[in-house]
Amino acid sequence: MSEQHVNKVTLVEAVNMALRRAMRDDPSVVVLGEDVGTNGGVFRATLGLRDEFGFKRVLDTPLAETMIGGLSVGMAAQGLKPVAEIQFLGFIYAAMEHVVSHAARLRNRTRGRLSCPLVIRSPMGAGIRAPEHHCESVEAMFAHIPGLRVVIPSSPARAYGLLLAAIDDPDPVIFLEPTRLYRMNPQVLEDTGQRLPLDTCFTLREGSDLTLISWGASVHESLQAAAQLAEQGVSVEVIDVACVKPLDLATLEASVRKTGRCVIVHEAPRSCAVGAEIASSLYERVWLELLAPIQRVTAPDIPPPLFRMEQHYLPQVADIVQACDDALNYA
Amino acid sequence: MSEQHVNKVTLVEAVNMALRRAMRDDPSVVVLGEDVGTNGGVFRATLGLRDEFGFKRVLDTPLAETMIGGLSVGMAAQGLKPVAEIQFLGFIYAAMEHVVSHAARLRNRTRGRLSCPLVIRSPMGAGIRAPEHHCESVEAMFAHIPGLRVVIPSSPARAYGLLLAAIDDPDPVIFLEPTRLYRMNPQVLEDTGQRLPLDTCFTLREGSDLTLISWGASVHESLQAAAQLAEQGVSVEVIDVACVKPLDLATLEASVRKTGRCVIVHEAPRSCAVGAEIASSLYERVWLELLAPIQRVTAPDIPPPLFRMEQHYLPQVADIVQACDDALNYA
Amino acid sequence: MPLTIKVPYTRYLAPDGTLQGSLPAWADDPALLCRLYKQMRLTRLFDQKAIALQRTGRIGTYASTLGQEAIGVAIGELMQADDVLVPYYRDTAAQLRRGVRMEEILLYWGGDERGCAYADPAVQEDFPPCVPIATQALHACGVASAFKIRGEHRVAVTTCGDGATSKGDFLEALNVAGAWHLPVVFVVNNNQWAISVPRAMQCAAPTLAQKAAGAGIAGEQVDGNDMFAVYDRVQAALERARRGKGPTLIECLSYRLSDHTTADDASRYRSEAELKQAWAEEPLKRLQSFLVQHRLWDESHEQAWLSEAQTRIQAAVTAYEATAAQAPADPLDYVYAQWPSALAEQRAQWLERVSHTRTQEG
Amino acid sequence: MPLTIKVPYTRYLAPDGTLQGSLPAWADDPALLCRLYKQMRLTRLFDQKAIALQRTGRIGTYASTLGQEAIGVAIGELMQADDVLVPYYRDTAAQLRRGVRMEEILLYWGGDERGCAYADPAVQEDFPPCVPIATQALHACGVASAFKIRGEHRVAVTTCGDGATSKGDFLEALNVAGAWHLPVVFVVNNNQWAISVPRAMQCAAPTLAQKAAGAGIAGEQVDGNDMFAVYDRVQAALERARRGKGPTLIECLSYRLSDHTTADDASRYRSEAELKQAWAEEPLKRLQSFLVQHRLWDESHEQAWLSEAQTRIQAAVTAYEATAAQAPADPLDYVYAQWPSALAEQRAQWLERVSHTRTQEG
Ligand SMILES: Cc1ncc(C[n+]2csc(CCOP(=O)(O)OP(=O)(O)O)c2C)c(N)n1
Ligand SMILES: Cc1ncc(C[n+]2csc(CCOP(=O)(O)OP(=O)(O)O)c2C)c(N)n1
Ligand SMILES: [Mg+2]
Ligand SMILES: [Mg+2]
C-alpha cells in the first residue's frame, strides 16, 4: 500500500473517531463540556460532532465543572451515556464531589436500581509548555475511589478501543488523555468499532531481563529506554497499564515473576501515586522471585513547575535507563 | 492524686482545648465553618469558643464547602491563621479545588511572597453508625498532593499537641479527627501549650518481632492486637504514623530494620491508599532486611457500607492478629 | 437607582385555617382535600414512629419531616408517575406519597442500602435521598436534560433546604436550568434553619426565591404551611415545565419543628418562643381547621384515619424488623455491574470474613 | 405577577466619544483623563508586544487584554496601595497600573514563577493571576474578611469574565459577601465570550449584574468600553466598601477583541461582522476621541507617548530576556516554608538531575 493511502491518525483524532463511532452506533451517547460544540474542543477532540449530531447530543455547557459532573450523573441515571469533557484535568476538582460521592456510588446506593454509565474525558499531563493547572497527573486521586474505572491510553489505537469500551461500560469511567501524546506518533487505524478490554494491561514489548511498567505519556519514554537497553543487550518487557483502576495485577505479576526485576515509571508526583500501589501489590505477590527491589521513576513531590523547569520535572529516558541499570546491577 | 482531681479529656475535648489555647495565644487564629459558632460544632469541638472570642473570630459560615476552602485561602494569604471545619470528611470534595490548586501552591506560585497557613479540620472515619458520607477515610487523596501536610491524631494528647503545631505551621495542614475515637479513652492532659512535631511518627509500644504501623482509629485496634500477641509472647512494636504527609520514613525504616517484619493497618480502602506508599517506600529501603513480605490490613475496595455492614468493613483486631501471624510464620 | 426586585408570594390560608380571598378552582374537590390531609397526617404519624424507633436503637440517625408535610405531600400528589423526584434527606413526605414504602424508608435510616432499592414501579427512576447538600439539584438538571434530549414531556422535581441555596451546586443548577430551559422544578423547603444556622445568616437577600433572577428563571415564594398555596404553585410550575416553558424555583416558607436530626438538640441554639410561634402556624392543623370549618372533616373521620394509619405503620415496622439480613456479598455486588476480576481476591477475603463473623455471632 | 427586576446601567460616552449627558465632577481633571488614556495606550502596546513575543516563542501562551483596557486601568487607578487586587488571568491592565512590572508579567507567561514574586511594595499583598476560573472571587472574600476581622478600612477587588459567573465559586462568593457584608468589589469583565461560548449560552438572565440580587448585594451594569462609566462606578463601589456599606457587583459590558489566548483561533466560532462592530465601540479610541474633541490630546501628544511607551516596553523585554535562570532548587524551595526532612532524598536527586541536565545542555 502506498504511503498516501494509509490513514494515519493521531491520539486526539482517535478519540474523535471513537466518539463519532459511539454516537453513530448508540443514540443514547451524548457529549457535553466547555467548548465541545462549535469549537470542537480546545484540542479538537470533539471536532465535527456538533455538525453531525446536532445541539441535542453535543452540548456546550456553561462554565461550571461541578455542574458538568452533576449533570452527567443525572443523565446517566436516566440511561443516557454522557461523555463529559473536563477541559484540563487541573479543573476537575470542582466535579470531584459528584464523581466520588455520586457517580461511583449510585449503583451501590440503590442496590442496582439506578446506575451511572458515564465517561469523563480529560486531557492530562505536562510537557506542552502550557500555563499552570494544565499539566496535572492526578489519576491516583481517582484510582483510590471504589466504583470508578480509570483509563489512560498511550497510543491512538488504545485511545480508540479503550474509549469505545469506556462508553459501553455500565459504570463510571475517568478517561485521561495525555496531551503530550495528542499529536505524536500517528498510527494507521481503521474505524472498526473494535473495543479493547478495560481490565487488562497491554504488553507493548516482550522481554526477559526486566519489567518496565508505565502508563500515559511516560510509556513513550519507557519504550525509548527499552530500545536503548536492547542495544546494550538487555531484554526489557514494557507494559502499558492503561487501566489504573481496577488494576490488572495478574499480567504485571506474571511478567515480574518471569523477569525478576521491575521499574515503574509515572509522571505523577511520587507519594501515594499509583506506582506505590503497583509496587506494594507486586511485592506481596512475587516477593520471593524478585531479584532486586522495585524502582520507581516519578516526578518529585512538588507541584508541576511552570514550563521553564518542566523538563526537569518529567521522568526522562535517561532516568529510566538509570533505574533499570540499578535494578539490573543490584547485588 | 485522687481520682476526682485528675483532669481527663477526650479527643474531641483535646481538640477544643487546643483551639482555645491557640486563639488565646495568637489573635490571628480564627475558626470558621458550618455550625461552629452558637452550636459549638456538631461534635462540640468548637464549644464555647464563640462566647470567649466573639463573632469576629468564630464564624458560622453559610453552607458551602467550596466557599469555606476559598475563604480560608484568602484569609491565610492575609496572615490570618484560619482553622476551618469541614463538618464531615465526606463533604470536603467541594473544597478540593481550593485545597489542591491554591492552598497547596500559593507559596510556590508566588515564590514565597504569599503563603497559606491554614488548617482544615474534619471528622473522619467509620464506626459510629452514622449516615452515608459520614464515614470517609480519604486521607490518601490529600497525601498525594505536594505542598500539603496531612495529620491524623489517635489520642487526646496527640490531638492537642499536633493541632497546636498544625495551627503554628506556616503551610496548609489537613487535620483529620477519627470520630470513632472522639469520646473513647479519655486521658489526663494539661493545657501546657506544648506542641508535638509534625514530622515524626509516634512509637506507642516498643517491640522486637514485628512492626505494626497504623494511624487514626485503627491505632486502637492495632494496640489491642499487639497486646493479644504479647500474651502469646510476641513482641510487637506499634507505631502511629500520625502525619501521613510528608511521611517520616526514617522512624518506620529503623523499626522495620530492627524487627524484619511489618504489618500496615488502615481504614481506607486498600487501593492507592497511604499504606501502599509506606509499603513500597519500606521495601525500597529495607528490602534485604525483611524476613517476610509486608502485610496490609485494610478496608476492601468498596464504598463504606451503611452501618449494618460497617463492622465488616473496618479492620478488626482479629484481622490484624491474623496478618501478624502470617508475617511471623512466613517461611 | 439601585437594583430593585419584586418577588411574588402566595398564601390562601391564614394560620388559623381561615381563607384569605378565594380558592383556586382545583380546590373545589373535597375528596382531594381530604386525601391531602390524610396523607399529611399519615406522614406525621410515621415520622413520630421513626423517631421512636431511633430512640430505642432500632434505626439510626433520622431526619424528621415534622412541619414540612404540606410541601412534600403536595409534590408527591402532583407529580406524575413518570416524572422523577430527586429528593434530599428530609423528604419522607414526598417519597411516601410517590410510592416509596414505609419499610424502605426505615431500612434506609436503619443502615441498609436495600432501603433505596424501591419496589414500587412508580418510583423506579426516582433518586434516593441525597445527603451531600444541594448536589441533587444538579442531578435533577441532568434528568431533565435527558427528558429534553429525548423529547419526553416529563418533569424532574428536586427539593432542598434553605441552607442548600448557598452551595454552588444549587446555584449552578439554577443557571444551567435557565440556560438550557430545562423541565425542572426546584422546591426550596425554607424551614428557617440549617442545623444551627438561621436563615438570616445564610443569605442577605430578603427572599431565597430571588436567586432565580440571576439565572433568568421564574421564582416565587409561597407559604409552605399552607397546602393550598404549595399545591397551587407546584402545580403551575409542573405545568410550565411539562409544556416546555422552562424551570421554576419555588421557595416554601416553613419551619423545622423538630431537631435537625435525632442527633441534634435544637434547644441549644433556638428559643422556645420561636418554636411556639412556629407551632401556631404549622400546616397540618391549619388544613384540618379549614376542613373542619367547611364540614369536610370531623373527629370521627380523624379517629378512623388515625387507627388505619397506625395499623399501616405498624405493619411497615413489622415488615422492616422481619427483613432478612443482607447477603454477605451485597456490599460488593453493586459497586460495579460486575465485580472486577482484578479484585477477586478481595471478594474471597470479604466473604470469608463476613461468614466467619456471622458464625461467631451465632 | 412574575418576579421582576431592574438593573441600573451607566454610560457617559457614546462609541464615537461624544458625551451623553453631563460628566461627574471627578472627570473635570484633564491630567487624570490624560493619565488614564496614556495608561490604556501603554497597556495595549505592551499587550501587542507580548503577543509578538509569544509568536516568536519567547513567551508561552498569553491571554490578551485587548479591548478590556478601560476596566483594568480604572481599577488599577482607583484602588489604594493597601487595597488588595485578586485578579484573573486577563488582568494585565489592572496589574500594570497597580505596580506589577512588565518584565514580571512576561516572566509569568514565559513559564517562570518569579513573575509572581512582584518587586513593587504596592502590590506585595496582591494575588497573582488566577487560572482556575472564578476561584479568585472566594479568595477576595477571604481577604475582605481579614480586613473586616481586623477592623481595617481596606477593600479587596476581584475580577473575572462572563463565563466565570456560572461557576459556583463566583456565586458562593457573592452570597458570603452579602451575608457577611464584606468590603469587596466584584468586577465582571463581560467580554461576551468564554473561549467559544457566547454570553447568551452562559446564562438566561438578561444581565449578569442581577446575580447580585440572589445574594442581597448591590449590582449594576456599566459600559465597559467607557472609561468614564467604569471609573465612576468602580469609584462608588470602592467608596461604599471602604465605608462598611457592603459589597458591589459591577458588570462591565465589553468585548474580547483578541482570540481567547494565543492558543485560540476565534475565527472558528465568531463572525467577522461581530468583531468589526466591536472594534467600532472599543474603549481606547473612544476616550481618545473625547480627549481630542475637548482639545486635551493631539497627535503630537500621541506620538510622544507612543515613543516613550515603546521605550519602556523595550526596556522591560530586555530585562525579561536578561533574567538569569532560576536556581535549581527554586521549584522545591517554596513548596513548603522549609523543605521537609522526610523528602531530603528527593531534594538531593532533583539537584543532581537539574545540574546534570544543565551541564549537558552547556
Ligand atoms: C455538602 C454538605 N455539607 C454539610 C453537610 C452536613 N449537613 C447536613 S444537613 C445540614 C444543614 C442543611 O440545612 P438546610 O439546607 O436548610 O436543610 P434542612 O436540614 O434544614 O431541611 C448540614 C450542614 C452535608 N450533608 N453536606
Ligand atoms: C475551572 C476552570 N475551568 C476551565 C478553564 C479553562 N478556561 C480557561 S479560560 C476559559 C473561559 C473563560 O471565560 P470568561 O470567564 O468569560 O473569561 P474571559 O477569558 O473571556 O476573559 C476556560 C473555560 C479554567 N481555566 N478553569
Ligand atoms: Mg433548613
Ligand atoms: Mg469572557
# chains A, B, ... in the order shown; residues from 1 in each chain; ligands from 1

$ calpha_fit_and_write --fixed "chain C" --moving "chain D" --output "short mmCIF file (atom, residue, chain, number, x, y, z; two decimals) with C-alpha atoms, in the first residue's frame"
data_model
loop_
_atom_site.label_atom_id
_atom_site.label_comp_id
_atom_site.auth_asym_id
_atom_site.auth_seq_id
_atom_site.Cartn_x
_atom_site.Cartn_y
_atom_site.Cartn_z
CA MET D 1 -31.45 54.00 41.21
CA PRO D 2 -30.24 50.80 42.84
CA LEU D 3 -31.12 47.33 41.62
CA THR D 4 -34.72 46.54 42.55
CA ILE D 5 -36.59 43.26 42.62
CA LYS D 6 -40.12 42.09 43.32
CA VAL D 7 -40.91 38.51 44.27
CA PRO D 8 -44.43 37.03 44.13
CA TYR D 9 -45.81 35.46 47.29
CA THR D 10 -48.80 33.14 47.59
CA ARG D 11 -50.93 32.30 50.61
CA TYR D 12 -54.56 31.19 50.76
CA LEU D 13 -55.01 30.00 54.32
CA ALA D 14 -54.28 32.04 57.41
CA PRO D 15 -52.60 30.16 60.27
CA ASP D 16 -55.99 29.56 61.90
CA GLY D 17 -57.29 27.88 58.77
CA THR D 18 -59.48 30.75 57.59
CA LEU D 19 -59.45 31.70 53.95
CA GLN D 20 -57.80 34.85 52.64
CA GLY D 21 -59.55 35.64 49.40
CA SER D 22 -60.98 32.89 47.24
CA LEU D 23 -59.55 29.48 46.51
CA PRO D 24 -58.41 28.38 43.05
CA ALA D 25 -60.77 26.19 41.06
CA TRP D 26 -58.86 22.94 41.64
CA ALA D 27 -59.56 23.26 45.38
CA ASP D 28 -63.24 22.65 44.84
CA ASP D 29 -62.69 18.93 45.31
CA PRO D 30 -63.40 17.69 48.85
CA ALA D 31 -62.03 14.23 48.11
CA LEU D 32 -58.72 15.70 47.05
CA LEU D 33 -58.54 17.94 50.10
CA CYS D 34 -59.28 15.09 52.47
CA ARG D 35 -56.77 12.89 50.71
CA LEU D 36 -54.11 15.55 51.12
CA TYR D 37 -54.91 15.97 54.77
CA LYS D 38 -54.91 12.23 55.40
CA GLN D 39 -51.57 11.86 53.70
CA MET D 40 -50.12 14.65 55.82
CA ARG D 41 -51.41 13.01 58.96
CA LEU D 42 -50.07 9.62 57.92
CA THR D 43 -46.70 11.18 57.21
CA ARG D 44 -46.58 12.80 60.60
CA LEU D 45 -47.53 9.64 62.42
CA PHE D 46 -44.92 7.69 60.51
CA ASP D 47 -42.37 10.37 61.34
CA GLN D 48 -43.19 10.07 65.03
CA LYS D 49 -42.78 6.33 64.80
CA ALA D 50 -39.42 6.67 63.11
CA ILE D 51 -38.20 8.92 65.89
CA ALA D 52 -39.42 6.42 68.46
CA LEU D 53 -37.58 3.65 66.64
CA GLN D 54 -34.42 5.74 66.65
CA ARG D 55 -34.75 6.42 70.37
CA THR D 56 -34.85 2.71 71.06
CA GLY D 57 -31.93 1.98 68.75
CA ARG D 58 -33.94 0.18 66.08
CA ILE D 59 -32.93 2.61 63.37
CA GLY D 60 -30.01 5.05 63.21
CA THR D 61 -29.96 8.82 62.89
CA TYR D 62 -33.20 10.08 61.37
CA ALA D 63 -34.15 13.45 59.85
CA SER D 64 -37.67 14.36 60.87
CA THR D 65 -40.12 15.85 58.41
CA LEU D 66 -42.23 17.42 61.14
CA GLY D 67 -43.73 20.68 59.93
CA GLN D 68 -42.85 20.15 56.27
CA GLU D 69 -45.73 17.83 55.40
CA ALA D 70 -47.62 20.25 53.17
CA ILE D 71 -44.66 20.67 50.87
CA GLY D 72 -43.80 17.01 50.47
CA VAL D 73 -47.37 15.79 50.18
CA ALA D 74 -48.22 18.39 47.53
CA ILE D 75 -45.19 17.43 45.49
CA GLY D 76 -45.90 13.73 45.78
CA GLU D 77 -49.55 14.19 44.92
CA LEU D 78 -48.93 16.40 41.90
CA MET D 79 -46.08 14.64 40.16
CA GLN D 80 -46.96 12.10 37.53
CA ALA D 81 -45.65 8.59 37.94
CA ASP D 82 -43.14 9.01 35.15
CA ASP D 83 -41.84 12.30 36.47
CA VAL D 84 -38.69 11.92 38.53
CA LEU D 85 -38.25 13.06 42.10
CA VAL D 86 -34.72 13.97 43.15
CA PRO D 87 -35.15 14.46 46.87
CA TYR D 88 -32.98 15.42 49.80
CA TYR D 89 -32.87 13.64 53.12
CA ARG D 90 -35.88 15.46 54.63
CA ASP D 91 -38.35 14.24 52.03
CA THR D 92 -40.13 11.37 53.69
CA ALA D 93 -43.40 13.18 52.96
CA ALA D 94 -42.89 13.37 49.20
CA GLN D 95 -41.34 9.94 48.94
CA LEU D 96 -44.16 8.19 50.78
CA ARG D 97 -46.77 9.80 48.57
CA ARG D 98 -44.76 8.90 45.47
CA GLY D 99 -44.79 5.24 46.38
CA VAL D 100 -41.67 4.59 48.41
CA ARG D 101 -42.67 2.14 51.12
CA MET D 102 -42.48 2.90 54.80
CA GLU D 103 -40.39 -0.17 55.43
CA GLU D 104 -37.96 1.01 52.76
CA ILE D 105 -37.58 4.35 54.48
CA LEU D 106 -36.95 2.56 57.75
CA LEU D 107 -34.43 0.26 56.12
CA TYR D 108 -32.57 3.24 54.72
CA TRP D 109 -32.32 5.02 58.06
CA GLY D 110 -31.75 1.65 59.62
CA GLY D 111 -28.43 1.40 57.82
CA ASP D 112 -29.37 -0.90 54.96
CA GLU D 113 -28.90 0.07 51.31
CA ARG D 114 -31.88 -2.05 50.27
CA GLY D 115 -33.98 0.81 51.60
CA CYS D 116 -33.18 2.64 48.36
CA ALA D 117 -33.97 -0.22 46.01
CA TYR D 118 -37.69 0.76 45.92
CA ALA D 119 -40.15 -1.91 44.95
CA ASP D 120 -42.97 0.29 43.62
CA PRO D 121 -42.91 0.68 39.83
CA ALA D 122 -43.91 4.35 40.13
CA VAL D 123 -40.64 5.31 41.78
CA GLN D 124 -38.19 3.17 39.85
CA GLU D 125 -36.44 6.20 38.39
CA ASP D 126 -36.65 8.39 41.48
CA PHE D 127 -33.40 9.20 43.19
CA PRO D 128 -32.69 8.09 46.75
CA PRO D 129 -32.43 10.78 49.46
CA CYS D 130 -29.38 12.91 48.82
CA VAL D 131 -27.08 13.63 51.74
CA PRO D 132 -24.35 15.89 50.27
CA ILE D 133 -26.19 19.18 50.39
CA ALA D 134 -27.53 20.65 47.14
CA THR D 135 -25.79 18.14 44.88
CA GLN D 136 -29.18 16.67 43.98
CA ALA D 137 -30.20 19.90 42.27
CA LEU D 138 -27.70 19.16 39.52
CA HIS D 139 -28.80 15.55 39.21
CA ALA D 140 -32.30 16.82 38.62
CA CYS D 141 -30.97 19.05 35.84
CA GLY D 142 -29.29 16.03 34.32
CA VAL D 143 -32.53 14.07 34.49
CA ALA D 144 -34.40 17.00 32.96
CA SER D 145 -31.75 17.24 30.23
CA ALA D 146 -32.36 13.60 29.40
CA PHE D 147 -36.10 14.29 29.11
CA LYS D 148 -35.43 17.23 26.86
CA ILE D 149 -32.88 15.43 24.68
CA ARG D 150 -35.31 12.55 24.17
CA GLY D 151 -38.26 14.89 23.63
CA GLU D 152 -40.23 13.49 26.56
CA HIS D 153 -42.82 15.58 28.38
CA ARG D 154 -41.66 14.67 31.82
CA VAL D 155 -40.51 16.81 34.70
CA ALA D 156 -37.77 16.45 37.27
CA VAL D 157 -38.60 17.83 40.70
CA THR D 158 -35.88 18.44 43.22
CA THR D 159 -36.03 19.66 46.79
CA CYS D 160 -33.57 21.15 49.22
CA GLY D 161 -33.38 23.24 52.35
CA ASP D 162 -32.66 26.92 52.88
CA GLY D 163 -29.05 26.17 53.74
CA ALA D 164 -28.61 24.34 50.46
CA THR D 165 -29.30 27.51 48.49
CA SER D 166 -25.87 28.83 49.49
CA LYS D 167 -23.99 25.95 47.90
CA GLY D 168 -22.59 26.33 44.40
CA ASP D 169 -24.34 23.20 43.17
CA PHE D 170 -27.73 24.77 43.74
CA LEU D 171 -26.77 27.99 42.01
CA GLU D 172 -25.07 26.27 39.09
CA ALA D 173 -28.20 24.15 38.73
CA LEU D 174 -30.47 27.19 38.52
CA ASN D 175 -28.15 28.64 35.91
CA VAL D 176 -27.99 25.64 33.62
CA ALA D 177 -31.73 25.08 34.04
CA GLY D 178 -32.22 28.60 32.74
CA ALA D 179 -29.62 28.45 30.00
CA TRP D 180 -30.99 25.15 28.73
CA HIS D 181 -34.65 25.85 29.51
CA LEU D 182 -34.94 22.56 31.35
CA PRO D 183 -38.16 20.90 32.55
CA VAL D 184 -37.21 21.02 36.20
CA VAL D 185 -38.86 22.41 39.32
CA PHE D 186 -36.72 23.44 42.29
CA VAL D 187 -38.59 23.42 45.57
CA VAL D 188 -36.77 25.02 48.48
CA ASN D 189 -38.05 23.96 51.84
CA ASN D 190 -37.04 27.08 53.72
CA ASN D 191 -37.56 25.81 57.23
CA GLN D 192 -35.55 28.73 58.64
CA TRP D 193 -32.66 26.67 59.96
CA ALA D 194 -29.67 24.82 58.55
CA ILE D 195 -28.85 22.82 61.64
CA SER D 196 -27.95 25.74 63.95
CA VAL D 197 -27.54 28.41 61.30
CA PRO D 198 -30.60 30.63 60.98
CA ARG D 199 -31.92 31.74 57.61
CA ALA D 200 -30.75 35.30 58.11
CA MET D 201 -27.13 34.25 58.45
CA GLN D 202 -27.34 32.12 55.32
CA CYS D 203 -28.04 34.92 52.87
CA ALA D 204 -28.54 38.69 52.87
CA ALA D 205 -31.31 38.62 50.27
CA PRO D 206 -34.82 39.07 51.69
CA THR D 207 -36.08 36.04 49.76
CA LEU D 208 -34.35 32.91 48.52
CA ALA D 209 -36.72 32.84 45.57
CA GLN D 210 -34.90 35.79 44.05
CA LYS D 211 -31.90 33.60 43.38
CA ALA D 212 -33.94 32.69 40.31
CA ALA D 213 -33.31 36.18 38.94
CA GLY D 214 -29.59 35.57 38.48
CA ALA D 215 -30.36 32.53 36.38
CA GLY D 216 -33.11 34.17 34.40
CA ILE D 217 -35.76 31.72 35.54
CA ALA D 218 -39.13 32.05 37.24
CA GLY D 219 -39.05 32.36 41.00
CA GLU D 220 -41.63 32.84 43.72
CA GLN D 221 -42.40 32.42 47.39
CA VAL D 222 -45.27 30.51 48.91
CA ASP D 223 -46.47 29.91 52.43
CA GLY D 224 -45.15 26.38 52.90
CA ASN D 225 -47.53 25.75 55.77
CA ASP D 226 -50.49 26.38 53.51
CA MET D 227 -51.33 23.32 51.48
CA PHE D 228 -53.43 25.38 49.08
CA ALA D 229 -50.58 27.73 48.29
CA VAL D 230 -47.99 24.99 47.87
CA TYR D 231 -50.29 22.81 45.79
CA ASP D 232 -51.33 25.65 43.55
CA ARG D 233 -47.84 26.91 42.77
CA VAL D 234 -46.21 23.49 42.41
CA GLN D 235 -49.00 22.54 40.04
CA ALA D 236 -48.39 25.65 37.96
CA ALA D 237 -44.64 25.04 37.89
CA LEU D 238 -45.06 21.40 36.85
CA GLU D 239 -47.42 22.51 34.13
CA ARG D 240 -45.00 25.14 32.82
CA ALA D 241 -42.11 22.70 32.82
CA ARG D 242 -44.12 19.98 31.12
CA ARG D 243 -45.19 22.37 28.39
CA GLY D 244 -41.62 23.36 27.67
CA LYS D 245 -41.95 26.78 29.29
CA GLY D 246 -38.89 26.36 31.48
CA PRO D 247 -37.87 25.86 35.08
CA THR D 248 -39.25 27.40 38.28
CA LEU D 249 -37.82 27.99 41.69
CA ILE D 250 -40.40 27.84 44.47
CA GLU D 251 -39.37 28.91 47.93
CA CYS D 252 -41.72 27.43 50.53
CA LEU D 253 -41.62 29.25 53.84
CA SER D 254 -41.98 26.68 56.59
CA TYR D 255 -40.38 25.82 59.89
CA ARG D 256 -38.37 22.86 61.11
CA LEU D 257 -40.46 21.94 64.15
CA SER D 258 -38.10 19.09 65.02
CA ASP D 259 -34.46 18.94 65.90
CA HIS D 260 -32.29 18.87 62.78
CA THR D 261 -31.98 15.11 63.16
CA THR D 262 -32.22 12.76 66.09
CA ALA D 263 -28.51 13.51 66.66
CA ASP D 264 -29.23 17.20 67.21
CA ASP D 265 -30.57 19.24 70.13
CA ALA D 266 -32.12 22.40 68.76
CA SER D 267 -32.73 23.87 72.18
CA ARG D 268 -29.04 24.71 72.20
CA TYR D 269 -29.46 27.35 69.54
CA ARG D 270 -33.04 28.49 69.19
CA SER D 271 -35.65 29.86 71.51
CA GLU D 272 -38.75 28.28 72.97
CA ALA D 273 -40.72 31.36 71.95
CA GLU D 274 -39.77 30.98 68.30
CA LEU D 275 -40.70 27.33 68.33
CA LYS D 276 -44.01 28.05 69.99
CA GLN D 277 -44.83 30.67 67.38
CA ALA D 278 -43.99 28.18 64.64
CA TRP D 279 -46.33 25.59 66.12
CA ALA D 280 -49.13 28.12 65.82
CA GLU D 281 -48.57 28.21 62.07
CA GLU D 282 -47.96 24.58 61.29
CA PRO D 283 -49.50 23.05 58.18
CA LEU D 284 -51.42 20.03 59.44
CA LYS D 285 -53.57 21.81 61.98
CA ARG D 286 -54.12 24.60 59.49
CA LEU D 287 -55.58 22.37 56.82
CA GLN D 288 -57.52 20.42 59.42
CA SER D 289 -59.11 23.63 60.72
CA PHE D 290 -60.10 24.57 57.21
CA LEU D 291 -61.63 21.15 56.58
CA VAL D 292 -63.47 21.18 59.88
CA GLN D 293 -64.70 24.74 59.33
CA HIS D 294 -66.06 23.64 55.96
CA ARG D 295 -67.51 20.42 57.40
CA LEU D 296 -65.31 18.23 55.25
CA TRP D 297 -63.74 16.54 58.21
CA ASP D 298 -64.65 15.76 61.81
CA GLU D 299 -63.48 13.97 64.89
CA SER D 300 -64.84 10.61 63.80
CA HIS D 301 -63.04 10.85 60.48
CA GLU D 302 -59.94 11.73 62.41
CA GLN D 303 -60.19 8.78 64.75
CA ALA D 304 -60.89 6.34 61.96
CA TRP D 305 -57.93 7.58 59.98
CA LEU D 306 -55.62 7.60 62.99
CA SER D 307 -56.39 4.02 63.60
CA GLU D 308 -55.97 2.97 59.99
CA ALA D 309 -52.76 4.92 59.70
CA GLN D 310 -51.35 3.34 62.84
CA THR D 311 -52.20 -0.10 61.51
CA ARG D 312 -50.35 0.60 58.29
CA ILE D 313 -47.37 2.00 60.11
CA GLN D 314 -47.27 -0.96 62.48
CA ALA D 315 -47.36 -3.32 59.52
CA ALA D 316 -44.43 -1.48 57.99
CA VAL D 317 -42.44 -1.66 61.20
CA THR D 318 -43.14 -5.36 61.41
CA ALA D 319 -42.05 -5.83 57.81
CA TYR D 320 -38.95 -3.75 58.48
CA GLU D 321 -37.99 -5.75 61.50
CA ALA D 322 -38.61 -9.02 59.72
CA THR D 323 -36.31 -8.12 56.86
CA ALA D 324 -33.68 -10.80 56.47
CA ALA D 325 -30.05 -9.86 56.79
CA GLN D 326 -28.27 -8.76 53.63
CA ALA D 327 -26.43 -11.39 51.70
CA PRO D 328 -22.76 -11.21 52.61
CA ALA D 329 -21.83 -10.26 49.05
CA ASP D 330 -24.29 -7.36 48.89
CA PRO D 331 -21.79 -4.60 49.71
CA LEU D 332 -19.62 -5.86 46.84
CA ASP D 333 -22.19 -6.87 44.28
CA TYR D 334 -23.38 -3.38 43.39
CA VAL D 335 -20.12 -1.46 43.39
CA TYR D 336 -19.67 -2.32 39.73
CA ALA D 337 -22.13 -4.01 37.39
CA GLN D 338 -19.74 -6.92 37.66
CA TRP D 339 -17.19 -7.36 40.38
CA PRO D 340 -13.83 -6.81 38.64
CA SER D 341 -11.73 -9.92 38.25
CA ALA D 342 -8.78 -7.82 39.37
CA LEU D 343 -10.40 -7.72 42.80
CA ALA D 344 -11.29 -11.41 43.01
CA GLU D 345 -9.04 -11.95 45.97
CA GLN D 346 -10.67 -9.18 47.97
CA ARG D 347 -14.03 -10.75 47.30
CA ALA D 348 -12.97 -14.09 48.64
CA GLN D 349 -11.50 -12.47 51.75
CA TRP D 350 -14.63 -10.44 52.34
CA LEU D 351 -16.97 -13.40 52.04
CA GLU D 352 -14.86 -15.47 54.36
CA ARG D 353 -14.67 -12.68 56.87
CA VAL D 354 -18.39 -11.93 56.88
CA SER D 355 -19.42 -15.54 57.16
CA HIS D 356 -16.84 -16.09 59.87
CA THR D 357 -18.12 -13.13 61.91
CA ARG D 358 -21.72 -14.19 61.38
CA THR D 359 -20.97 -17.69 62.57
CA GLN D 360 -19.23 -16.36 65.66
CA GLU D 361 -22.15 -14.08 66.43
CA GLY D 362 -24.40 -17.09 66.08
#

$ residues_around --residues "B:Gly79" --least-positions-apart "5" --cutoff "9 Å" --atoms "only C-alpha atoms" --output "ChimeraX atom specification"
/B:28,114-117 /D:146

$ closest_atom_pairs --of "chain A" --to "chain B" --cutoff "7 Å" --atoms "only C-alpha atoms" --output "CSV"
residue,atom,partner,partner_atom,distance
A:Tyr93,CA,B:Glu97,CA,4.9
A:Ala94,CA,B:Glu97,CA,5.9
A:Met96,CA,B:Tyr93,CA,5.8
A:Glu97,CA,B:Tyr93,CA,4.9
A:Ala140,CA,B:Cys272,CA,6.6
A:Met141,CA,B:Met141,CA,5.0
A:Ala143,CA,B:Cys272,CA,6.5
A:His144,CA,B:Cys272,CA,5.0
A:Pro146,CA,B:Ile302,CA,4.9
A:Gly147,CA,B:Ile302,CA,6.9
A:Ser271,CA,B:His144,CA,5.5
A:Cys272,CA,B:His144,CA,5.0
A:Ala273,CA,B:His144,CA,6.4
A:Val274,CA,B:Cys272,CA,5.8
A:Ala276,CA,B:Glu277,CA,5.0
A:Glu277,CA,B:Ala276,CA,5.0
A:Ala279,CA,B:Ser280,CA,5.8
A:Ser280,CA,B:Ser280,CA,5.1
A:Tyr283,CA,B:Pro293,CA,6.8
A:Glu284,CA,B:Pro293,CA,5.9
A:Trp287,CA,B:Pro293,CA,6.5
A:Pro293,CA,B:Glu284,CA,5.9
A:Ile294,CA,B:Glu284,CA,6.9
A:Asp301,CA,B:Pro146,CA,5.2
A:Ile302,CA,B:Pro146,CA,4.9
A:Pro303,CA,B:Pro146,CA,5.9
